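**Student:** I am sharing run-v6.cif, which consists of mmCIF, C-alpha atoms and all ligand atoms:
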```cif
data_entry
#
loop_
_atom_site.label_atom_id
_atom_site.label_comp_id
_atom_site.auth_asym_id
_atom_site.auth_seq_id
_atom_site.Cartn_x
_atom_site.Cartn_y
_atom_site.Cartn_z
CA MET X 1 5.47 -3.48 30.09
CA PHE X 2 8.57 -2.31 28.29
CA TYR X 3 10.97 -4.09 26.03
CA ARG X 4 13.89 -3.05 23.87
CA THR X 5 13.61 -3.82 20.16
CA ASP X 6 17.29 -4.61 19.61
CA GLN X 7 16.56 -8.17 20.77
CA PRO X 8 14.28 -9.51 17.97
CA SER X 9 12.41 -11.92 20.27
CA ALA X 10 12.13 -9.65 23.33
CA HIS X 11 8.33 -9.47 22.97
CA LEU X 12 8.13 -13.24 23.58
CA GLU X 13 9.69 -12.76 27.00
CA GLN X 14 6.89 -10.29 27.72
CA GLY X 15 4.27 -12.95 26.95
CA LEU X 16 3.41 -11.48 23.55
CA ALA X 17 3.10 -14.46 21.20
CA HIS X 18 3.34 -12.26 18.11
CA ASN X 19 5.42 -9.18 17.41
CA PRO X 20 2.93 -6.38 18.25
CA PHE X 21 4.56 -3.69 16.09
CA ASN X 22 2.04 -3.75 13.27
CA ALA X 23 -0.84 -4.06 15.72
CA ILE X 24 0.34 -0.75 17.21
CA VAL X 25 0.71 1.31 14.04
CA VAL X 26 -2.93 0.94 12.96
CA PRO X 27 -4.97 1.20 10.88
CA ARG X 28 -2.67 1.22 7.87
CA PRO X 29 -4.11 2.05 4.45
CA ILE X 30 -3.45 -0.58 1.83
CA GLY X 31 -1.67 0.45 -1.34
CA TRP X 32 -2.65 -2.21 -3.83
CA ILE X 33 0.22 -1.73 -6.23
CA SER X 34 0.08 -2.66 -9.90
CA SER X 35 3.19 -2.56 -12.07
CA VAL X 36 4.64 -4.24 -15.14
CA ASP X 37 8.02 -5.82 -15.69
CA GLN X 38 10.43 -4.96 -18.50
CA ASP X 39 8.54 -7.31 -20.82
CA GLY X 40 5.20 -5.67 -19.98
CA ARG X 41 3.92 -8.53 -17.81
CA PRO X 42 1.49 -7.22 -15.15
CA ASN X 43 1.99 -7.62 -11.41
CA LEU X 44 -0.29 -6.80 -8.49
CA ALA X 45 0.35 -6.93 -4.72
CA PRO X 46 -0.92 -5.23 -1.54
CA TYR X 47 1.38 -3.14 0.66
CA SER X 48 0.22 -1.74 3.99
CA PHE X 49 3.44 0.11 4.70
CA PHE X 50 1.82 2.66 2.46
CA ASN X 51 0.77 6.26 2.69
CA GLY X 52 0.38 9.63 1.05
CA VAL X 53 3.36 11.79 1.96
CA ALA X 54 2.90 15.17 0.21
CA TYR X 55 0.22 17.33 -1.47
CA SER X 56 2.05 19.46 -3.99
CA PRO X 57 2.84 17.57 -6.05
CA PRO X 58 0.87 14.69 -4.54
CA GLN X 59 3.21 11.86 -3.54
CA VAL X 60 2.87 8.38 -2.09
CA MET X 61 5.23 5.74 -0.75
CA PHE X 62 5.15 2.06 0.05
CA ALA X 63 7.78 -0.11 1.68
CA ALA X 64 8.69 -3.66 0.76
CA THR X 65 10.18 -5.54 3.68
CA GLY X 66 12.36 -8.56 3.14
CA GLN X 67 13.14 -10.31 -0.08
CA HIS X 68 10.90 -12.18 -2.51
CA GLU X 69 10.41 -15.80 -1.44
CA PHE X 70 12.24 -16.81 -4.64
CA GLY X 71 15.09 -14.40 -3.92
CA GLY X 72 15.93 -10.81 -4.80
CA TYR X 73 13.70 -7.80 -4.43
CA LYS X 74 9.93 -8.20 -4.37
CA ASP X 75 8.42 -7.96 -7.86
CA SER X 76 6.76 -4.58 -7.26
CA VAL X 77 10.10 -2.97 -6.35
CA ARG X 78 11.94 -4.69 -9.18
CA ASN X 79 9.32 -3.69 -11.77
CA ILE X 80 9.02 -0.09 -10.64
CA GLU X 81 12.80 0.32 -10.64
CA ALA X 82 12.84 -1.02 -14.21
CA THR X 83 9.89 0.90 -15.69
CA GLY X 84 9.51 3.98 -13.44
CA GLU X 85 5.72 3.62 -13.16
CA PHE X 86 3.03 2.14 -10.91
CA VAL X 87 -0.63 2.43 -9.99
CA VAL X 88 -2.08 2.50 -6.48
CA ASN X 89 -5.48 0.80 -6.55
CA ILE X 90 -7.70 1.35 -3.53
CA ALA X 91 -8.57 -1.89 -1.73
CA THR X 92 -12.20 -2.07 -0.64
CA TRP X 93 -14.42 -4.35 1.42
CA ASP X 94 -15.86 -5.89 -1.78
CA LEU X 95 -12.33 -6.58 -3.06
CA ARG X 96 -10.88 -8.00 0.16
CA GLU X 97 -10.60 -11.58 -1.12
CA PRO X 98 -8.91 -10.79 -4.47
CA MET X 99 -6.67 -8.27 -2.65
CA ASN X 100 -5.58 -11.05 -0.30
CA ALA X 101 -5.21 -13.55 -3.16
CA SER X 102 -2.90 -11.13 -4.98
CA SER X 103 -0.48 -11.18 -2.03
CA VAL X 104 0.69 -14.72 -2.78
CA ALA X 105 4.45 -14.91 -3.38
CA ALA X 106 4.08 -15.92 -7.00
CA PRO X 107 7.23 -16.34 -9.11
CA HIS X 108 8.34 -13.29 -11.10
CA GLY X 109 6.23 -12.84 -14.23
CA VAL X 110 3.02 -14.35 -12.84
CA ASP X 111 0.05 -12.07 -13.49
CA GLU X 112 -1.87 -11.65 -10.21
CA PHE X 113 -4.71 -9.90 -12.06
CA ALA X 114 -5.49 -13.24 -13.70
CA LEU X 115 -4.72 -15.18 -10.52
CA ALA X 116 -7.21 -13.12 -8.49
CA ASP X 117 -9.77 -13.01 -11.32
CA LEU X 118 -9.52 -9.23 -11.71
CA THR X 119 -9.88 -7.09 -14.82
CA ALA X 120 -6.82 -5.18 -16.03
CA GLU X 121 -7.87 -1.79 -17.39
CA PRO X 122 -5.41 0.53 -19.16
CA ALA X 123 -4.24 3.63 -17.32
CA ALA X 124 -4.50 7.10 -18.90
CA LEU X 125 -0.89 8.30 -18.63
CA ILE X 126 1.28 5.24 -18.01
CA ALA X 127 1.67 1.72 -19.40
CA VAL X 128 0.54 -0.03 -16.20
CA PRO X 129 -2.90 -1.64 -15.90
CA ARG X 130 -5.22 -0.72 -13.03
CA VAL X 131 -7.77 -2.89 -11.24
CA LYS X 132 -11.03 -2.11 -13.01
CA GLU X 133 -13.10 -3.35 -10.06
CA SER X 134 -11.49 -0.78 -7.71
CA PRO X 135 -13.28 2.60 -7.58
CA ILE X 136 -10.12 4.74 -7.19
CA HIS X 137 -6.70 4.61 -8.85
CA LEU X 138 -3.61 6.78 -8.52
CA GLU X 139 -1.31 6.75 -11.53
CA CYS X 140 2.25 7.27 -10.28
CA ARG X 141 5.67 8.06 -11.65
CA HIS X 142 8.53 6.65 -9.59
CA THR X 143 10.69 9.35 -8.00
CA GLN X 144 13.10 7.47 -5.75
CA THR X 145 13.69 4.31 -3.77
CA VAL X 146 15.27 4.65 -0.35
CA GLN X 147 17.03 1.63 1.09
CA LEU X 148 16.13 1.75 4.78
CA PRO X 149 18.28 0.24 7.53
CA THR X 150 18.02 -3.53 7.83
CA ARG X 151 19.37 -6.07 10.32
CA ASN X 152 20.03 -8.51 7.49
CA PRO X 153 21.40 -7.34 4.12
CA ASP X 154 19.64 -10.31 2.48
CA GLN X 155 16.32 -8.88 3.69
CA PRO X 156 16.22 -5.32 2.31
CA ASN X 157 13.69 -2.71 3.43
CA SER X 158 12.94 -0.67 0.31
CA ALA X 159 10.79 2.46 0.54
CA VAL X 160 9.49 3.30 -2.93
CA PHE X 161 8.27 6.84 -3.57
CA GLY X 162 6.18 8.10 -6.46
CA GLU X 163 4.49 11.24 -7.69
CA VAL X 164 0.78 10.89 -8.38
CA ILE X 165 0.33 12.19 -11.91
CA GLY X 166 -3.30 11.16 -12.50
CA ILE X 167 -6.29 10.18 -10.36
CA HIS X 168 -9.34 8.14 -11.40
CA ILE X 169 -12.42 8.24 -9.18
CA ALA X 170 -15.58 6.33 -10.13
CA ASP X 171 -18.53 8.73 -10.40
CA GLU X 172 -20.68 6.41 -8.22
CA VAL X 173 -18.55 7.07 -5.13
CA ILE X 174 -18.82 10.88 -5.36
CA VAL X 175 -21.70 12.52 -3.46
CA ASP X 176 -22.07 16.32 -3.27
CA GLY X 177 -18.57 16.80 -4.65
CA LYS X 178 -16.94 14.60 -2.00
CA ILE X 179 -15.78 11.00 -1.87
CA ASP X 180 -18.41 9.05 0.06
CA TYR X 181 -16.50 6.60 2.29
CA ALA X 182 -19.65 4.49 2.70
CA ARG X 183 -19.69 3.90 -1.05
CA VAL X 184 -15.98 3.11 -1.24
CA LEU X 185 -15.65 1.16 2.03
CA PRO X 186 -11.84 1.23 1.95
CA ILE X 187 -10.17 -1.44 4.06
CA GLY X 188 -7.11 -1.01 6.23
CA ARG X 189 -4.65 -3.37 7.83
CA LEU X 190 -4.41 -3.97 11.55
CA GLY X 191 -2.02 -6.44 13.22
CA TYR X 192 -2.15 -10.23 13.18
CA MET X 193 -4.73 -11.41 10.59
CA ASP X 194 -7.00 -8.43 11.27
CA TYR X 195 -8.38 -5.72 9.01
CA VAL X 196 -10.72 -2.76 9.41
CA THR X 197 -13.29 -1.07 7.17
CA VAL X 198 -14.19 2.62 7.31
CA ARG X 199 -17.72 2.64 8.75
CA ASP X 200 -17.40 4.86 11.83
CA VAL X 201 -16.60 8.38 10.67
CA PHE X 202 -16.50 11.58 12.76
CA SER X 203 -15.51 15.13 11.85
CA MET X 204 -13.56 17.81 13.71
CA VAL X 205 -12.69 21.38 12.77
CA ARG X 206 -9.04 22.26 13.32
CA PRO X 207 -8.33 25.10 15.76
CA THR X 208 -6.91 28.35 14.45
CA TRP X 209 -4.42 30.37 16.50
CA LYS X 210 -5.86 33.72 17.63
CA ALA X 211 -3.23 36.14 18.84
CA SER X 212 -4.43 38.01 21.96
CA GLU X 213 -5.24 41.73 21.61
CA ASP X 214 -2.10 42.56 23.61
CA ASP X 215 0.17 40.95 21.02
C1 LIG G 1 -2.92 -6.63 3.39
C2 LIG G 1 -1.49 -6.94 3.10
C3 LIG G 1 -0.52 -5.98 3.30
C4 LIG G 1 0.82 -6.24 3.01
N1 LIG G 1 1.74 -5.27 3.24
C5 LIG G 1 3.04 -5.48 2.93
C6 LIG G 1 3.99 -4.45 3.12
O1 LIG G 1 3.69 -3.34 3.56
N2 LIG G 1 5.29 -4.71 2.78
C7 LIG G 1 5.67 -5.92 2.26
O2 LIG G 1 6.84 -6.09 1.95
N3 LIG G 1 4.77 -6.92 2.07
C8 LIG G 1 3.47 -6.72 2.38
N4 LIG G 1 2.54 -7.71 2.17
C9 LIG G 1 3.00 -8.96 1.54
C10 LIG G 1 3.14 -8.78 0.01
O3 LIG G 1 1.87 -8.48 -0.56
C11 LIG G 1 3.71 -10.07 -0.58
O4 LIG G 1 5.06 -10.22 -0.17
C12 LIG G 1 3.63 -10.12 -2.09
O5 LIG G 1 3.91 -11.41 -2.55
C13 LIG G 1 4.58 -9.14 -2.76
O6 LIG G 1 4.33 -9.22 -4.13
P1 LIG G 1 5.33 -8.75 -5.25
O7 LIG G 1 6.60 -9.59 -5.13
O8 LIG G 1 4.54 -9.08 -6.51
O9 LIG G 1 5.58 -7.29 -5.09
C14 LIG G 1 1.20 -7.51 2.49
C15 LIG G 1 0.22 -8.50 2.30
C16 LIG G 1 -1.10 -8.23 2.60
C17 LIG G 1 -2.15 -9.29 2.39
#
```
What's the structure tokens form of this structure?
**Tutor:**
Amino acid sequence: MFYRTDQPSAHLEQGLAHNPFNAIVVPRPIGWISSVDQDGRPNLAPYSFFNGVAYSPPQVMFAATGQHEFGGYKDSVRNIEATGEFVVNIATWDLREPMNASSVAAPHGVDEFALADLTAEPAALIAVPRVKESPIHLECRHTQTVQLPTRNPDQPNSAVFGEVIGIHIADEVIVDGKIDYARVLPIGRLGYMDYVTVRDVFSMVRPTWKASEDD
């Protein structure tokens, strides 16, 4: 099977009832982004177009696709542009329901911490609350927003980048100086309505290049 992506419904002609793109790029980590608006009102929403993108300094990005259901940029983008700060909370198996609840397209100014029955805990370096129930938080300073290509100017694709300036890790999830995935049970996004948890872990040592004796 092959189809070109410049025809938005080409996958339908191939018998694929749903666009398979986000079932192909899997699993995607979930950046559960907290922010505040100019008046200090908290906001929380999950983004699976999310990743770490650099070590030194540590940097992350997430991408908001399309506009808010009530118009304009999604609240996370709007808030971060206004305040320059955000927190990435790690979404876990135990928090899957409140994570999902916080994705509702609530009007601007609605506090999804309250909506999802979560506890807002102050951050150390920025004025954005973090999800107390989550075992790991990345405090971030906004560095840039890149407007990606879009087929419809009313539906922007905004990639938001930030530098991680502080990291909280709950002591209970650290074993022998390492994060124990089994204690965190991070969840990731697959396609359709599907998710994954990290339960099946394997390790590999990277090869090193050995120049031959003749070199
Ligand atoms: C697991 C999950 C992942 C999501 N990933 C994204 C994403 O990567 N980009 C996006 O624009 N919306 C994504 N959404 C939808 C947003 O969470 C939703 O539009 C939300 O209302 C945005 O909130 P905000 O306006 O407060 O930022 C995702 C939803 C869920 C449940």
**Student:** Using only C-alpha atoms and all ligand atoms, which residues of the polymer chains come no farther than 9 Å from ligand LIG 1 (chain G)? I'd like the answer as a PyMOL selection string.
**Tutor:** chain X and resi 28-35+43-50+62-69+73-79+91+96+99-112+157-158+187-190+193+195
**Student:** For the residues in that selection, give me C-alpha atoms as a CSV table (one decimal), keeping the file's coordinate frame.
**Tutor:**
```
chain,number,residue,atom,x,y,z
X,28,ARG,CA,-2.7,1.2,7.9
X,29,PRO,CA,-4.1,2.0,4.4
X,30,ILE,CA,-3.4,-0.6,1.8
X,31,GLY,CA,-1.7,0.4,-1.3
X,32,TRP,CA,-2.6,-2.2,-3.8
X,33,ILE,CA,0.2,-1.7,-6.2
X,34,SER,CA,0.1,-2.7,-9.9
X,35,SER,CA,3.2,-2.6,-12.1
X,43,ASN,CA,2.0,-7.6,-11.4
X,44,LEU,CA,-0.3,-6.8,-8.5
X,45,ALA,CA,0.4,-6.9,-4.7
X,46,PRO,CA,-0.9,-5.2,-1.5
X,47,TYR,CA,1.4,-3.1,0.7
X,48,SER,CA,0.2,-1.7,4.0
X,49,PHE,CA,3.4,0.1,4.7
X,50,PHE,CA,1.8,2.7,2.5
X,62,PHE,CA,5.2,2.1,0.0
X,63,ALA,CA,7.8,-0.1,1.7
X,64,ALA,CA,8.7,-3.7,0.8
X,65,THR,CA,10.2,-5.5,3.7
X,66,GLY,CA,12.4,-8.6,3.1
X,67,GLN,CA,13.1,-10.3,-0.1
X,68,HIS,CA,10.9,-12.2,-2.5
X,69,GLU,CA,10.4,-15.8,-1.4
X,73,TYR,CA,13.7,-7.8,-4.4
X,74,LYS,CA,9.9,-8.2,-4.4
X,75,ASP,CA,8.4,-8.0,-7.9
X,76,SER,CA,6.8,-4.6,-7.3
X,77,VAL,CA,10.1,-3.0,-6.4
X,78,ARG,CA,11.9,-4.7,-9.2
X,79,ASN,CA,9.3,-3.7,-11.8
X,91,ALA,CA,-8.6,-1.9,-1.7
X,96,ARG,CA,-10.9,-8.0,0.2
X,99,MET,CA,-6.7,-8.3,-2.6
X,100,ASN,CA,-5.6,-11.0,-0.3
X,101,ALA,CA,-5.2,-13.6,-3.2
X,102,SER,CA,-2.9,-11.1,-5.0
X,103,SER,CA,-0.5,-11.2,-2.0
X,104,VAL,CA,0.7,-14.7,-2.8
X,105,ALA,CA,4.4,-14.9,-3.4
X,106,ALA,CA,4.1,-15.9,-7.0
X,107,PRO,CA,7.2,-16.3,-9.1
X,108,HIS,CA,8.3,-13.3,-11.1
X,109,GLY,CA,6.2,-12.8,-14.2
X,110,VAL,CA,3.0,-14.4,-12.8
X,111,ASP,CA,0.0,-12.1,-13.5
X,112,GLU,CA,-1.9,-11.6,-10.2
X,157,ASN,CA,13.7,-2.7,3.4
X,158,SER,CA,12.9,-0.7,0.3
X,187,ILE,CA,-10.2,-1.4,4.1
X,188,GLY,CA,-7.1,-1.0,6.2
X,189,ARG,CA,-4.6,-3.4,7.8
X,190,LEU,CA,-4.4,-4.0,11.6
X,193,MET,CA,-4.7,-11.4,10.6
X,195,TYR,CA,-8.4,-5.7,9.0
```
**Student:** Please provide the set of residues having any atom within 7 Å of segment 122-132 of chain X, restricted to all atoms listed in the file, with same-chain residues fewer than 4 positions apart removed, written as a list in words.
**Tutor:**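 Listed by chain and then number, they are Ser34, Ser35, Val36, Glu85, Phe86, Val87, Asn89, Leu118 and His137 of chain X.
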**Student:** I'd like the interatomic distance between atom CA of Arg199 of chain X and atom CA of Phe161 of chain X, to a tenth of an Å.
**Tutor:**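 Answer for the atom CA of Arg199 of chain X to atom CA of Phe161 of chain X separation: 29.1 Å.
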**Student:** Can you measure atom CA of His142 of chain X to atom CA of Val53 of chain X for me? One decimal in Å is fine.
**Tutor:**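 For atom CA of His142 of chain X relative to atom CA of Val53 of chain X, the distance reads 13.7 Å.
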**Student:** Give as a tab-separated table (two decimals) with C-alpha atoms, in the coordinates of the input each residue that has an atom at most 8 Å from (-2.7, 9.4, -8.6) in the file, counting all atoms listed in the file.
**Tutor:**
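The file below, point.tsv, is the result:
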```tsv
chain	number	residue	atom	x	y	z
X	58	PRO	CA	0.87	14.69	-4.54
X	87	VAL	CA	-0.63	2.43	-9.99
X	88	VAL	CA	-2.08	2.50	-6.48
X	137	HIS	CA	-6.70	4.61	-8.85
X	138	LEU	CA	-3.61	6.78	-8.52
X	139	GLU	CA	-1.31	6.75	-11.53
X	140	CYS	CA	2.25	7.27	-10.28
X	163	GLU	CA	4.49	11.24	-7.69
X	164	VAL	CA	0.78	10.89	-8.38
X	165	ILE	CA	0.33	12.19	-11.91
X	166	GLY	CA	-3.30	11.16	-12.50
X	167	ILE	CA	-6.29	10.18	-10.36
X	168	HIS	CA	-9.34	8.14	-11.40
```
**Student:** Suppose you want the space between atom CA of Pro156 of chain X and atom CA of Val26 of chain X; what is it in Å?
**Tutor:**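 Spanning atom CA of Pro156 of chain X to atom CA of Val26 of chain X is a straight-line distance of 22.8 Å.
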**Student:** Write out as a list in words the residues lying within 9 Å of Pro20 of chain X, counting all atoms listed in the file and excluding same-chain residues fewer than 2 positions away.
**Tutor:** His11, Leu16, Ala17, His18, Asn22, Ala23, Ile24, Gly191 and Tyr192 of chain X
**Student:** Go through X:Leu148, X:Phe2, X:Ala159, X:Pro135 and flag the residue nearest Leu95 of chain X, using all atoms listed in the file for the distances.
**Tutor:**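 Result for the nearest residue to Leu95 of chain X: X:Pro135.
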**Student:** For Ala170 of chain X, which residue out of X:Glu133, X:Glu13, X:Asp117, X:Asp39 is the nearest one, using only C-alpha atoms?
**Tutor:** X:Glu133
**Student:** From the options X:Thr92, X:Pro27, X:Ala116, X:Gln7, which residue's atoms come nearest to Asn51 of chain X, counting all atoms listed in the file?
**Tutor:**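 Comparing X:Thr92, X:Pro27, X:Ala116, X:Gln7 against Asn51 of chain X, the winner is X:Pro27.
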**Student:** Mind giving me the axis-aligned box for segment 178-196 of chain X with 5 Å on every side, centre plus edges in Å to one decimal, as JSON?
**Tutor:**
```
{"center_x": -10.9, "center_y": 1.6, "center_z": 5.6, "size_x": 27.7, "size_y": 36.0, "size_z": 25.2}
```
**Student:** Taking (-15.6, 11.0, -8.1) in the coordinates of the supplied file, I want to know which residues reach to within 12 Å of it, counting only C-alpha atoms; could you give the answer as a list in words?
**Tutor:**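 Collected hits near the coordinates: Pro135, Ile136, His137, Ile167, His168, Ile169, Ala170, Asp171, Glu172, Val173, Ile174, Val175, Asp176, Gly177, Lys178, Ile179, Asp180, Tyr181, Arg183 and Val184 of chain X.
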**Student:** May I ask you to restore N, CA and C atoms in segment 143-165 of chain X and write the result as a CSV table (one decimal), in the frame of the given file?
**Tutor:**
```csv
chain,number,residue,atom,x,y,z
X,143,THR,N,9.7,8.3,-8.2
X,143,THR,CA,10.7,9.4,-8.0
X,143,THR,C,12.0,8.8,-7.4
X,144,GLN,N,11.9,8.0,-6.4
X,144,GLN,CA,13.1,7.5,-5.8
X,144,GLN,C,12.8,6.2,-4.9
X,145,THR,N,13.8,5.4,-4.7
X,145,THR,CA,13.7,4.3,-3.8
X,145,THR,C,14.8,4.5,-2.7
X,146,VAL,N,14.3,4.5,-1.5
X,146,VAL,CA,15.3,4.6,-0.4
X,146,VAL,C,15.5,3.3,0.3
X,147,GLN,N,16.7,2.9,0.4
X,147,GLN,CA,17.0,1.6,1.1
X,147,GLN,C,17.1,2.0,2.6
X,148,LEU,N,16.2,1.5,3.3
X,148,LEU,CA,16.1,1.8,4.8
X,148,LEU,C,17.1,0.8,5.5
X,149,PRO,N,17.4,1.2,6.8
X,149,PRO,CA,18.3,0.2,7.5
X,149,PRO,C,17.6,-1.2,7.6
X,150,THR,N,18.5,-2.2,7.7
X,150,THR,CA,18.0,-3.5,7.8
X,150,THR,C,19.0,-4.3,8.7
X,151,ARG,N,18.5,-5.3,9.5
X,151,ARG,CA,19.4,-6.1,10.3
X,151,ARG,C,20.0,-7.2,9.5
X,152,ASN,N,19.5,-7.4,8.3
X,152,ASN,CA,20.0,-8.5,7.5
X,152,ASN,C,20.1,-8.0,6.0
X,153,PRO,N,21.3,-7.9,5.5
X,153,PRO,CA,21.4,-7.3,4.1
X,153,PRO,C,20.7,-8.2,3.1
X,154,ASP,N,20.4,-9.5,3.4
X,154,ASP,CA,19.6,-10.3,2.5
X,154,ASP,C,18.1,-10.0,2.5
X,155,GLN,N,17.7,-9.2,3.5
X,155,GLN,CA,16.3,-8.9,3.7
X,155,GLN,C,16.2,-7.4,3.6
X,156,PRO,N,16.2,-6.8,2.4
X,156,PRO,CA,16.2,-5.3,2.3
X,156,PRO,C,14.9,-4.7,2.7
X,157,ASN,N,14.9,-3.5,3.2
X,157,ASN,CA,13.7,-2.7,3.4
X,157,ASN,C,13.7,-1.6,2.4
X,158,SER,N,12.9,-1.7,1.4
X,158,SER,CA,12.9,-0.7,0.3
X,158,SER,C,11.7,0.2,0.4
X,159,ALA,N,11.9,1.5,0.6
X,159,ALA,CA,10.8,2.5,0.5
X,159,ALA,C,10.7,3.1,-0.9
X,160,VAL,N,9.6,2.8,-1.5
X,160,VAL,CA,9.5,3.3,-2.9
X,160,VAL,C,8.6,4.5,-2.9
X,161,PHE,N,9.1,5.6,-3.5
X,161,PHE,CA,8.3,6.8,-3.6
X,161,PHE,C,7.8,7.1,-5.0
X,162,GLY,N,6.6,7.7,-5.1
X,162,GLY,CA,6.2,8.1,-6.5
X,162,GLY,C,5.3,9.4,-6.4
X,163,GLU,N,5.4,10.1,-7.5
X,163,GLU,CA,4.5,11.2,-7.7
X,163,GLU,C,3.2,10.8,-8.4
X,164,VAL,N,2.1,11.2,-7.8
X,164,VAL,CA,0.8,10.9,-8.4
X,164,VAL,C,0.5,11.8,-9.5
X,165,ILE,N,0.5,11.3,-10.7
X,165,ILE,CA,0.3,12.2,-11.9
X,165,ILE,C,-1.1,12.1,-12.5
```
